[in-house]
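Participant: This is work.csv, which holds CSV, C-alpha atoms and all ligand atoms:
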chain,number,residue,atom,x,y,z
A,1403,MET,CA,-17.0,17.0,-16.8
A,1404,VAL,CA,-16.3,15.0,-13.7
A,1405,ALA,CA,-17.7,11.5,-14.0
A,1406,CYS,CA,-17.6,9.3,-10.9
A,1407,ALA,CA,-19.1,6.0,-11.8
A,1408,ARG,CA,-20.3,4.3,-8.6
A,1409,VAL,CA,-20.0,0.6,-8.8
A,1410,ALA,CA,-20.7,-0.6,-5.3
A,1411,PRO,CA,-22.7,0.7,-2.4
A,1412,MET,CA,-21.5,-1.3,0.6
A,1413,TRP,CA,-18.7,-2.9,2.6
A,1414,PRO,CA,-17.9,-5.7,2.7
A,1415,ILE,CA,-17.7,-5.3,-1.0
A,1416,ASP,CA,-21.2,-6.6,-1.7
A,1417,SER,CA,-21.3,-5.5,-5.3
A,1418,SER,CA,-17.8,-4.0,-6.0
A,1419,ASP,CA,-16.9,-4.8,-9.6
A,1420,ALA,CA,-13.2,-5.6,-9.1
A,1421,VAL,CA,-10.4,-6.3,-6.7
A,1422,CYS,CA,-7.5,-4.0,-7.5
A,1423,ALA,CA,-4.0,-5.2,-6.7
A,1424,TRP,CA,-0.8,-3.2,-6.6
A,1425,THR,CA,2.2,-5.1,-7.9
A,1426,ARG,CA,5.7,-4.6,-9.0
A,1427,ALA,CA,5.9,-3.1,-12.5
A,1428,GLY,CA,6.8,-5.9,-14.9
A,1429,MET,CA,5.1,-8.6,-12.7
A,1430,GLU,CA,1.5,-7.8,-13.6
A,1431,SER,CA,1.0,-11.0,-15.5
A,1432,ASP,CA,2.3,-13.0,-12.5
A,1433,CYS,CA,0.1,-11.2,-10.2
A,1434,ALA,CA,-2.9,-11.7,-12.5
A,1435,ALA,CA,-2.1,-15.4,-13.0
A,1436,GLU,CA,-1.9,-15.9,-9.2
A,1437,LEU,CA,-5.2,-14.1,-8.5
A,1438,VAL,CA,-7.0,-16.1,-11.2
A,1439,GLU,CA,-5.6,-19.4,-9.9
A,1440,ARG,CA,-6.2,-18.7,-6.2
A,1441,ALA,CA,-9.7,-17.3,-6.9
A,1442,ALA,CA,-10.5,-20.5,-8.9
A,1443,ALA,CA,-9.3,-22.6,-6.0
A,1444,ALA,CA,-11.7,-20.6,-3.8
A,1445,GLY,CA,-14.5,-21.4,-6.3
A,1446,VAL,CA,-14.6,-18.0,-8.0
A,1447,GLY,CA,-14.0,-17.6,-11.7
A,1448,GLY,CA,-12.8,-14.3,-13.2
A,1449,TRP,CA,-10.5,-12.5,-15.5
A,1450,CYS,CA,-7.9,-9.7,-15.1
A,1451,ARG,CA,-7.1,-6.5,-16.8
A,1452,THR,CA,-3.6,-5.0,-16.2
A,1453,ALA,CA,-2.1,-1.6,-16.2
A,1454,GLU,CA,1.5,-0.8,-15.3
A,1455,GLY,CA,1.9,-1.8,-11.6
A,1456,LEU,CA,-1.9,-2.5,-11.2
A,1457,VAL,CA,-4.0,-5.6,-11.8
A,1458,GLU,CA,-7.8,-5.6,-11.7
A,1459,PHE,CA,-9.5,-9.0,-11.0
A,1460,HIS,CA,-13.1,-9.1,-12.2
A,1461,PRO,CA,-15.0,-12.0,-10.8
A,1462,THR,CA,-17.6,-13.6,-13.0
A,1463,PRO,CA,-20.4,-13.2,-12.1
A,1464,ALA,CA,-19.5,-10.0,-10.3
A,1465,ASP,CA,-21.6,-11.0,-7.2
A,1466,ARG,CA,-19.0,-13.6,-6.4
A,1467,LEU,CA,-16.7,-11.0,-5.0
A,1468,PRO,CA,-17.9,-11.3,-1.4
A,1469,ALA,CA,-17.1,-15.1,-1.6
A,1470,LEU,CA,-13.6,-14.2,-2.8
A,1471,ALA,CA,-13.1,-11.8,0.0
A,1472,ARG,CA,-14.2,-14.5,2.5
A,1473,GLU,CA,-12.0,-17.2,1.1
A,1474,LEU,CA,-8.8,-15.4,0.0
A,1475,SER,CA,-6.4,-14.2,2.6
A,1476,PHE,CA,-4.1,-11.3,1.7
A,1477,ARG,CA,-1.2,-13.0,3.4
A,1478,GLN,CA,-1.4,-15.9,1.0
A,1479,LEU,CA,-0.7,-13.7,-2.0
A,1480,VAL,CA,2.8,-13.6,-3.4
A,1481,PHE,CA,2.7,-11.0,-6.2
A,1482,THR,CA,0.1,-8.6,-4.6
A,1483,ARG,CA,1.6,-5.8,-2.5
A,1484,GLN,CA,-1.7,-4.3,-1.5
A,1485,TRP,CA,-5.3,-4.7,-2.6
A,1486,PHE,CA,-8.7,-3.0,-2.3
A,1487,ALA,CA,-12.3,-3.6,-3.6
A,1488,ARG,CA,-13.0,-0.9,-6.0
A,1489,PHE,CA,-16.4,0.9,-5.7
A,1490,ALA,CA,-15.9,4.0,-7.9
A,1491,VAL,CA,-13.9,5.2,-10.9
A,1492,CYS,CA,-13.6,9.0,-11.0
A,1493,ARG,CA,-12.6,10.5,-14.3
A,1494,GLY,CA,-12.1,14.2,-15.4
A,1495,LEU,CA,-11.2,15.4,-11.9
A,1496,PRO,CA,-10.7,19.2,-12.2
A,1497,PRO,CA,-7.1,20.3,-11.3
A,1498,ASP,CA,-8.5,23.2,-9.2
A,1499,ASP,CA,-10.7,21.0,-7.0
A,1500,ARG,CA,-10.2,17.3,-7.1
A,1501,VAL,CA,-11.3,16.8,-3.5
A,1502,ALA,CA,-15.0,17.7,-3.7
A,1503,PRO,CA,-15.9,15.1,-6.4
A,1504,LEU,CA,-13.8,12.5,-4.6
A,1505,ALA,CA,-15.4,13.2,-1.3
A,1506,ARG,CA,-18.9,13.1,-2.9
A,1507,ALA,CA,-18.1,9.7,-4.6
A,1508,ALA,CA,-16.7,8.4,-1.3
A,1509,ALA,CA,-19.8,9.5,0.6
A,1510,ALA,CA,-21.9,7.2,-1.6
A,1511,ILE,CA,-20.8,4.4,0.7
A,1512,PRO,CA,-22.8,5.0,3.8
A,1513,ARG,CA,-20.4,4.1,6.6
A,1514,SER,CA,-17.3,5.1,8.5
A,1515,VAL,CA,-13.8,4.3,7.5
A,1516,SER,CA,-10.7,3.9,9.7
A,1517,ALA,CA,-8.3,5.7,7.5
A,1518,VAL,CA,-7.9,7.3,4.1
A,1519,ARG,CA,-4.9,6.4,1.9
A,1520,ILE,CA,-4.0,8.1,-1.3
A,1521,GLU,CA,-2.0,5.9,-3.5
A,1522,TYR,CA,-0.5,5.8,-7.0
A,1523,PRO,CA,1.3,3.3,-9.1
A,1524,ASP,CA,4.9,2.5,-8.0
A,1525,THR,CA,6.1,3.0,-11.6
A,1526,ASP,CA,8.2,5.6,-13.5
A,1527,SER,CA,5.1,7.3,-14.6
A,1528,GLY,CA,3.2,6.9,-11.4
A,1529,ARG,CA,5.8,8.0,-8.8
A,1530,PRO,CA,5.5,11.7,-9.9
A,1531,LEU,CA,1.9,11.5,-8.5
A,1532,ALA,CA,3.4,11.2,-5.0
A,1533,ARG,CA,3.4,15.0,-4.6
A,1534,LEU,CA,-0.2,15.3,-5.6
A,1535,ALA,CA,-1.1,12.4,-3.3
A,1536,ARG,CA,0.6,14.3,-0.4
A,1537,ALA,CA,-1.2,17.5,-1.3
A,1538,LEU,CA,-4.6,15.8,-1.4
A,1539,ALA,CA,-4.3,13.7,1.7
A,1540,ARG,CA,-5.4,16.2,4.4
A,1541,PRO,CA,-8.0,18.0,2.4
A,1542,LEU,CA,-9.6,14.7,1.3
A,1543,GLU,CA,-9.6,13.4,4.9
A,1544,ALA,CA,-11.2,16.7,6.1
A,1545,ALA,CA,-13.8,16.6,3.3
A,1546,ILE,CA,-14.7,13.0,4.1
A,1547,ALA,CA,-14.9,13.8,7.8
A,1548,LYS,CA,-17.5,16.5,6.9
A,1549,ALA,CA,-19.3,14.5,4.2
A,1550,PRO,CA,-22.7,13.2,5.3
A,1551,GLY,CA,-22.9,9.4,5.7
A,1552,ILE,CA,-19.2,8.7,5.9
A,1553,ALA,CA,-16.8,9.5,8.7
A,1554,SER,CA,-13.1,8.9,9.3
A,1555,ASP,CA,-13.4,7.8,12.9
A,1556,GLY,CA,-10.9,5.0,13.5
A,1557,GLU,CA,-13.4,2.3,12.8
A,1558,GLY,CA,-14.1,0.2,9.7
A,1559,PRO,CA,-12.4,-0.4,6.4
A,1560,ILE,CA,-9.6,1.7,4.9
A,1561,LEU,CA,-10.6,4.0,2.1
A,1562,HIS,CA,-8.2,3.8,-0.8
A,1563,CYS,CA,-8.0,6.6,-3.4
A,1564,ALA,CA,-5.7,5.4,-6.2
A,1565,LEU,CA,-4.6,8.2,-8.5
A,1566,LEU,CA,-3.9,6.9,-12.0
A,1567,ASP,CA,-3.1,10.3,-13.4
A,1568,GLY,CA,-3.9,13.9,-12.4
A,1569,GLY,CA,-7.5,13.5,-13.5
A,1570,THR,CA,-8.4,9.9,-12.7
A,1571,ALA,CA,-8.8,8.0,-9.5
A,1572,LEU,CA,-10.2,4.7,-8.3
A,1573,LEU,CA,-11.9,4.6,-4.9
A,1574,GLY,CA,-12.0,1.3,-3.0
A,1575,LEU,CA,-12.1,-0.3,0.4
A,1576,SER,CA,-9.9,-2.8,2.1
A,1577,ASP,CA,-10.3,-4.7,5.4
A,1578,PRO,CA,-7.4,-3.7,7.7
A,1579,ALA,CA,-7.3,-7.3,9.0
A,1580,ASN,CA,-6.9,-8.6,5.4
A,1581,SER,CA,-4.6,-6.2,3.7
A,1582,ALA,CA,-1.1,-4.7,4.1
A,1583,PRO,CA,-0.7,-2.2,6.9
A,1584,TRP,CA,1.3,0.2,4.7
A,1585,PRO,CA,0.1,2.5,1.9
A,1586,LEU,CA,0.8,0.7,-1.4
A,1587,GLY,CA,2.0,-2.2,0.6
A,1588,ILE,CA,5.4,-0.6,1.0
A,1589,PRO,CA,6.8,-0.6,4.5
A,1590,ARG,CA,8.7,2.4,5.8
A,1591,LEU,CA,12.0,1.1,7.0
A,1592,ARG,CA,15.0,3.0,8.2
A,1593,ALA,CA,18.1,2.9,6.0
A,1594,HIS,CA,20.9,0.8,7.5
A,1595,ARG,CA,23.9,2.9,6.4
A,1596,GLN,CA,26.4,0.8,8.4
A,1597,ALA,CA,25.3,-2.5,6.8
A,1598,PRO,CA,27.8,-4.2,4.4
A,1599,SER,CA,25.2,-4.4,1.6
A,1600,ARG,CA,21.9,-3.1,0.4
A,1601,SER,CA,20.5,-6.6,0.5
A,1602,VAL,CA,20.0,-6.0,4.2
A,1603,MET,CA,16.7,-4.2,3.3
A,1604,LYS,CA,15.3,-7.5,1.9
A,1605,LEU,CA,15.7,-9.3,5.2
A,1606,ASP,CA,14.6,-6.3,7.2
A,1607,GLU,CA,11.4,-6.0,5.1
A,1608,ALA,CA,10.8,-9.8,5.3
A,1609,ILE,CA,11.0,-9.6,9.1
A,1610,ALA,CA,8.6,-6.6,9.2
A,1611,ARG,CA,6.2,-8.4,6.9
A,1612,PHE,CA,6.2,-11.9,8.1
A,1613,LEU,CA,6.8,-11.8,11.8
A,1614,ASN,CA,4.5,-10.3,14.4
A,1615,ASP,CA,5.9,-8.3,17.4
A,1616,ASP,CA,5.8,-11.3,19.7
A,1617,GLU,CA,7.6,-13.5,17.2
A,1618,ARG,CA,10.3,-10.9,16.5
A,1619,ALA,CA,10.9,-10.5,20.3
A,1620,ALA,CA,11.0,-14.3,20.9
A,1621,TRP,CA,12.8,-15.5,17.8
A,1622,LEU,CA,15.3,-12.8,17.2
A,1623,ARG,CA,17.3,-12.2,20.3
A,1624,PRO,CA,20.6,-13.1,22.0
A,1625,GLY,CA,20.9,-16.8,22.4
A,1626,ARG,CA,19.2,-17.6,19.1
A,1627,THR,CA,21.3,-19.1,16.3
A,1628,ALA,CA,21.3,-18.8,12.6
A,1629,VAL,CA,23.0,-20.1,9.5
A,1630,ASP,CA,23.3,-17.6,6.6
A,1631,LEU,CA,23.9,-19.4,3.3
A,1632,GLY,CA,25.4,-17.1,0.6
A,1633,ALA,CA,26.2,-14.6,3.3
A,1634,ALA,CA,28.9,-12.4,1.7
A,1635,PRO,CA,29.5,-9.5,2.0
A,1636,GLY,CA,27.3,-9.8,5.0
A,1637,GLY,CA,24.1,-7.6,5.0
A,1638,TRP,CA,21.9,-10.3,6.4
A,1639,THR,CA,24.5,-11.6,8.9
A,1640,TRP,CA,24.9,-7.9,10.0
A,1641,LEU,CA,21.2,-7.5,10.6
A,1642,LEU,CA,20.9,-10.8,12.5
A,1643,ARG,CA,23.9,-9.7,14.7
A,1644,ASN,CA,22.0,-6.5,15.4
A,1645,TYR,CA,19.3,-8.6,16.9
A,1646,GLY,CA,21.9,-10.4,19.0
A,1647,VAL,CA,21.6,-13.7,17.1
A,1648,THR,CA,24.8,-15.8,16.7
A,1649,VAL,CA,25.5,-16.5,13.0
A,1650,THR,CA,27.3,-19.1,11.0
A,1651,ALA,CA,28.0,-17.3,7.7
A,1652,VAL,CA,28.6,-19.7,4.7
A,1653,ASP,CA,30.1,-18.2,1.6
A,1654,ASN,CA,33.4,-18.6,-0.3
A,1655,GLY,CA,33.4,-14.8,-0.7
A,1656,PRO,CA,34.8,-12.5,2.1
A,1657,LEU,CA,32.7,-10.9,4.8
A,1658,ALA,CA,32.9,-7.2,5.4
A,1659,GLY,CA,35.6,-6.2,7.9
A,1660,PRO,CA,33.7,-5.7,11.2
A,1661,LEU,CA,31.9,-9.0,10.8
A,1662,GLN,CA,35.3,-10.8,10.5
A,1663,GLU,CA,36.2,-9.5,13.9
A,1664,ASP,CA,32.8,-10.4,15.5
A,1665,PRO,CA,33.2,-13.4,17.9
A,1666,ARG,CA,29.6,-14.3,17.3
A,1667,VAL,CA,30.1,-14.7,13.6
A,1668,GLU,CA,31.7,-17.9,12.3
A,1669,HIS,CA,32.6,-17.6,8.6
A,1670,ARG,CA,32.7,-21.0,6.8
A,1671,THR,CA,34.1,-21.0,3.2
A,1672,GLU,CA,32.0,-23.9,2.1
A,1673,ASP,CA,29.4,-24.8,-0.5
A,1674,GLY,CA,26.0,-23.7,0.9
A,1675,PHE,CA,24.3,-26.7,-0.8
A,1676,ARG,CA,26.5,-29.1,1.2
A,1677,TYR,CA,26.8,-27.4,4.5
A,1678,ARG,CA,24.7,-28.7,7.4
A,1679,PRO,CA,24.8,-27.6,11.0
A,1680,ARG,CA,26.0,-30.1,13.6
A,1681,ARG,CA,23.1,-29.1,15.9
A,1682,PRO,CA,19.7,-27.7,14.8
A,1683,VAL,CA,19.6,-23.9,14.6
A,1684,ASP,CA,16.8,-21.5,15.1
A,1685,TRP,CA,17.1,-19.8,11.7
A,1686,LEU,CA,18.2,-20.7,8.2
A,1687,VAL,CA,18.5,-17.6,6.0
A,1688,CYS,CA,19.6,-18.0,2.4
A,1689,ASP,CA,20.2,-15.4,-0.4
A,1690,MET,CA,22.3,-17.6,-2.8
A,1691,VAL,CA,21.9,-16.9,-6.4
A,1692,GLU,CA,20.7,-20.2,-7.8
A,1693,ARG,CA,17.8,-21.8,-9.7
A,1694,PRO,CA,14.6,-21.7,-7.6
A,1695,HIS,CA,14.0,-25.5,-7.6
A,1696,ARG,CA,17.5,-26.1,-6.1
A,1697,ILE,CA,16.9,-23.6,-3.3
A,1698,ALA,CA,13.4,-25.0,-2.7
A,1699,ARG,CA,14.8,-28.5,-2.5
A,1700,LEU,CA,17.5,-27.4,-0.1
A,1701,LEU,CA,15.0,-25.7,2.2
A,1702,ALA,CA,12.8,-28.7,2.1
A,1703,GLU,CA,15.7,-30.9,3.2
A,1704,TRP,CA,16.6,-28.6,6.1
A,1705,LEU,CA,13.0,-28.6,7.2
A,1706,SER,CA,12.5,-32.4,6.9
A,1707,ARG,CA,15.7,-33.1,8.8
A,1708,GLY,CA,14.7,-30.6,11.5
A,1709,ASP,CA,17.9,-28.6,10.9
A,1710,CYS,CA,16.2,-25.3,11.4
A,1711,ARG,CA,13.0,-24.0,13.1
A,1712,HIS,CA,12.4,-20.9,10.9
A,1713,ALA,CA,13.7,-19.8,7.6
A,1714,ILE,CA,13.8,-16.7,5.4
A,1715,VAL,CA,14.9,-17.6,1.9
A,1716,ASN,CA,15.1,-15.6,-1.3
A,1717,LEU,CA,14.1,-17.2,-4.6
A,1718,LYS,CA,15.6,-15.6,-7.7
A,1719,LEU,CA,13.1,-15.4,-10.6
A,1720,PRO,CA,14.8,-14.2,-13.8
A,1721,MET,CA,12.4,-16.2,-16.0
A,1722,LYS,CA,9.0,-15.5,-17.5
A,1723,GLN,CA,5.9,-17.1,-16.0
A,1724,ARG,CA,7.2,-16.5,-12.5
A,1725,TRP,CA,3.9,-17.5,-10.8
A,1726,GLN,CA,4.0,-21.0,-12.2
A,1727,THR,CA,7.6,-21.5,-11.1
A,1728,VAL,CA,6.8,-20.2,-7.6
A,1729,ALA,CA,3.7,-22.3,-7.3
A,1730,ARG,CA,5.7,-25.5,-7.9
A,1731,GLN,CA,8.4,-24.5,-5.4
A,1732,LEU,CA,5.8,-23.7,-2.7
A,1733,GLU,CA,4.4,-27.2,-3.1
A,1734,THR,CA,7.8,-28.7,-2.6
A,1735,ILE,CA,8.4,-26.7,0.5
A,1736,ALA,CA,4.9,-27.1,2.0
A,1737,ALA,CA,5.3,-30.9,1.7
A,1738,ALA,CA,8.3,-30.7,4.1
A,1739,LEU,CA,6.5,-28.7,6.7
A,1740,PRO,CA,4.6,-30.1,9.7
A,1741,GLY,CA,0.8,-29.6,9.5
A,1742,ASP,CA,0.7,-26.6,11.8
A,1743,GLY,CA,3.8,-25.0,10.3
A,1744,ARG,CA,3.5,-21.8,8.1
A,1745,LEU,CA,4.7,-20.9,4.7
A,1746,LEU,CA,4.4,-17.4,3.4
A,1747,ALA,CA,5.9,-15.8,0.3
A,1748,ASN,CA,6.0,-12.3,-1.0
A,1749,GLN,CA,7.5,-10.2,-3.8
A,1750,LEU,CA,8.9,-7.6,-1.4
A,1751,TYR,CA,9.4,-3.9,-2.3
A,1752,HIS,CA,13.1,-4.4,-1.8
A,1753,ASP,CA,13.2,-7.5,-3.9
A,1754,ARG,CA,14.1,-7.2,-7.5
A,1755,GLU,CA,13.5,-10.2,-9.9
A,1756,GLU,CA,13.0,-12.4,-6.9
A,1757,ILE,CA,10.6,-13.2,-4.0
A,1758,THR,CA,11.2,-13.9,-0.4
A,1759,LEU,CA,9.8,-16.9,1.6
A,1760,PHE,CA,9.2,-17.3,5.3
A,1761,VAL,CA,8.8,-20.7,6.8
A,1762,THR,CA,8.3,-21.7,10.4
A,1763,ARG,CA,7.7,-25.0,12.0
A,1764,ALA,CA,6.0,-23.1,14.9
A,1765,PRO,CA,2.2,-22.8,14.9
A,1766,LEU,CA,0.6,-19.4,14.9
A,1767,THR,CA,0.2,-18.2,18.5
A,1768,ARG,CA,-2.1,-15.3,18.0
B,1801,LIG,C1,23.2,-11.8,-3.4
B,1801,LIG,S1,24.7,-12.3,-2.6
B,1801,LIG,C2,24.2,-12.4,-0.9
B,1801,LIG,C3,24.2,-11.0,-0.3
B,1801,LIG,C4,24.0,-11.1,1.2
B,1801,LIG,N1,22.7,-11.7,1.6
B,1801,LIG,C5,24.2,-9.8,1.9
B,1801,LIG,O1,23.2,-9.3,2.5
B,1801,LIG,O2,25.2,-9.2,1.8
B,1801,LIG,C6,24.8,-14.0,-3.0
B,1801,LIG,C7,26.0,-14.7,-2.4
B,1801,LIG,O3,25.7,-16.1,-2.6
B,1801,LIG,C8,27.0,-16.7,-2.7
B,1801,LIG,N2,26.8,-18.1,-3.2
B,1801,LIG,C9,26.3,-18.4,-4.4
B,1801,LIG,N3,26.3,-19.8,-4.5
B,1801,LIG,C10,26.8,-20.3,-3.3
B,1801,LIG,C11,27.1,-21.6,-2.8
B,1801,LIG,N4,26.8,-22.7,-3.6
B,1801,LIG,N5,27.6,-21.7,-1.6
B,1801,LIG,C12,27.8,-20.6,-0.8
B,1801,LIG,N6,27.6,-19.3,-1.3
B,1801,LIG,C13,27.1,-19.2,-2.5
B,1801,LIG,C14,27.8,-15.8,-3.5
B,1801,LIG,O4,29.2,-16.0,-3.3
B,1801,LIG,C15,27.3,-14.4,-3.0
B,1801,LIG,O5,28.2,-13.9,-2.1
How does this structure look as structure tokens?
Ligand SMILES: C[S@@+](CC[C@H](N)C(=O)[O-])C[C@H]1O[C@@H](n2cnc3c(N)ncnc32)[C@H](O)[C@@H]1O
Facilitator:
Amino acid sequence: MVACARVAPMWPIDSSDAVCAWTRAGMESDCAAELVERAAAAGVGGWCRTAEGLVEFHPTPADRLPALARELSFRQLVFTRQWFARFAVCRGLPPDDRVAPLARAAAAIPRSVSAVRIEYPDTDSGRPLARLARALARPLEAAIAKAPGIASDGEGPILHCALLDGGTALLGLSDPANSAPWPLGIPRLRAHRQAPSRSVMKLDEAIARFLNDDERAAWLRPGRTAVDLGAAPGGWTWLLRNYGVTVTAVDNGPLAGPLQEDPRVEHRTEDGFRYRPRRPVDWLVCDMVERPHRIARLLAEWLSRGDCRHAIVNLKLPMKQRWQTVARQLETIAAALPGDGRLLANQLYHDREEITLFVTRAPLTR
């Protein structure tokens, strides 16, 4: 029997029962701890239930969810890749027609949606559902377009259909202005086969996630300068050079061949904790493998002294209780930023046991 338990009739999430957050497998407790703490700071109590790669935050009482949606910005969240407010749980979907019951359950929300996304946990057991997700995408969109009361017409929230297994799906909504623009929160980036290391993908994703188009164009172009601490073999330096940025690469290890020949790369075999630029630079990027508090303190020093204007810095987190560690480092760094500066952090898809921070002294222009 198909059972689609409807738990909320309206957007914005007037009576949804839970916020569902996709996170990296193994970091569910960090995602949950962060959601509980940030919700409490916004005046909303609650508790979490976790499954592999997925965290449900249940506000108490449940009618506090709209307050949470108002107060909490998706971009603040470190361990959440994507989120949606759940309004239905569909169980027992028949293998020969999953679409009809899903469309019926979706039609229970009487409004239009701007897009339909079929998602699944980014885990060993969830990834095989990618094929089913692809197969369901068009038929579900078509069924929703025909369903009375709901239309996929480019306006309104995004409808998420989260497959948990072949017979179970969650339905939910997210605000396009307060969620990740990519399904599952995973950006599609082209592979950089010429890059000296796969670490290049972390910096590429950080740029895609943290900078808007205007910022990318203005801050990453010829004439801009950067220091890359812990640069070898040179993936991050290579990407900055692709933007035309002049780079000082600091590492005792060797850079890949083509970077050694590049007149706009200066290789300094020095300790990244001691190196300081003679003149302020536009960018500090740092991927040194070190304890988070040392990296946070180093970044805070660069910011307080005005040695850089923007920074992208990776924090390695091999410990348990990552959220608590991260929260402490964010405080250290925020204290060194001017009032209108910005600090964002995210556990990126291309990160492993680490997160990536973005800091700018520049105020938001749009
Ligand atoms: C993860 S790798 C960096 C990879 C690089 N981002 C890339 O894209 O190719 C870390 C680097 O940090 C360097 N490193 C660690 N501690 C350092 C220090 N105190 N000073 C300078 N480099 C350091 C290591 O030598 C290593 O090359």
Participant: List all protein, DNA and RNA residues that have any atom at most 6 Å from ligand LIG 1801 (chain B), counting all atoms listed in the file, and write the list as number ranges by chain.
Facilitator: A: 1599, 1601-1602, 1631-1638, 1652-1655, 1673-1675, 1689-1691
Participant: If we count all atoms listed in the file and set the cut-off at 9 Å, which residues sit around Lys1604 of chain A, ignoring sequence neighbours fewer than 2 positions away in its own chain? Please answer as a ChimeraX atom specification.
Facilitator: /A:1600-1602,1606-1609,1638,1716,1750-1753,1758
Participant: Write to file, as a compact mmCIF listing (two decimals), in the coordinates of the input, the residues of the selection just made, with C-alpha atoms.
Facilitator:
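Generated file (selection_0.txt):
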# COMPACT_ATOMS: atom_id res chain seq x y z
CA ARG A 1600 21.90 -3.10 0.40
CA SER A 1601 20.50 -6.60 0.50
CA VAL A 1602 20.00 -6.00 4.20
CA ASP A 1606 14.60 -6.30 7.20
CA GLU A 1607 11.40 -6.00 5.10
CA ALA A 1608 10.80 -9.80 5.30
CA ILE A 1609 11.00 -9.60 9.10
CA TRP A 1638 21.90 -10.30 6.40
CA ASN A 1716 15.10 -15.60 -1.30
CA LEU A 1750 8.90 -7.60 -1.40
CA TYR A 1751 9.40 -3.90 -2.30
CA HIS A 1752 13.10 -4.40 -1.80
CA ASP A 1753 13.20 -7.50 -3.90
CA THR A 1758 11.20 -13.90 -0.40
Participant: Measuring between all atoms listed in the file, which one of A:Tyr1522, A:Leu1572, A:Ser1475, A:Arg1536 shows the shortest distance to Ala1507 of chain A?
Facilitator: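 Comparing A:Tyr1522, A:Leu1572, A:Ser1475, A:Arg1536 against Ala1507 of chain A, the winner is A:Leu1572.
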Participant: Nearest residue to Ile1714 of chain A out of A:Leu1613, A:Trp1640, A:Arg1623, A:Arg1699, using only C-alpha atoms?
Facilitator: A:Leu1613
Participant: At a cut-off of 10 Å around the point (4.0, 0.2, 0.8) (file coordinates), what residues fall inside when counting all atoms listed in the file? I'd like the answer as a list in words.
Facilitator: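 The answer, in the requested form, is Trp1424, Arg1483, Gln1484, Glu1521, Asp1524, Ala1582, Pro1583, Trp1584, Pro1585, Leu1586, Gly1587, Ile1588, Pro1589, Arg1590, Leu1750 and Tyr1751 of chain A.
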Participant: Interatomic distance between atom CA of Met1721 of chain A and atom CA of Glu1755 of chain A?
Facilitator: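 Atom-to-atom, atom CA of Met1721 of chain A to atom CA of Glu1755 of chain A, that is 8.6 Å.
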Participant: For Thr1734 of chain A, list every protein, DNA or RNA residue within 12 Å, evaluated using all atoms listed in the file, and leave out those in the same chain fewer than 4 positions away; present the list as a PyMOL selection string.
Facilitator: chain A and resi 1694-1703+1705-1706+1727-1730+1738-1739+1745
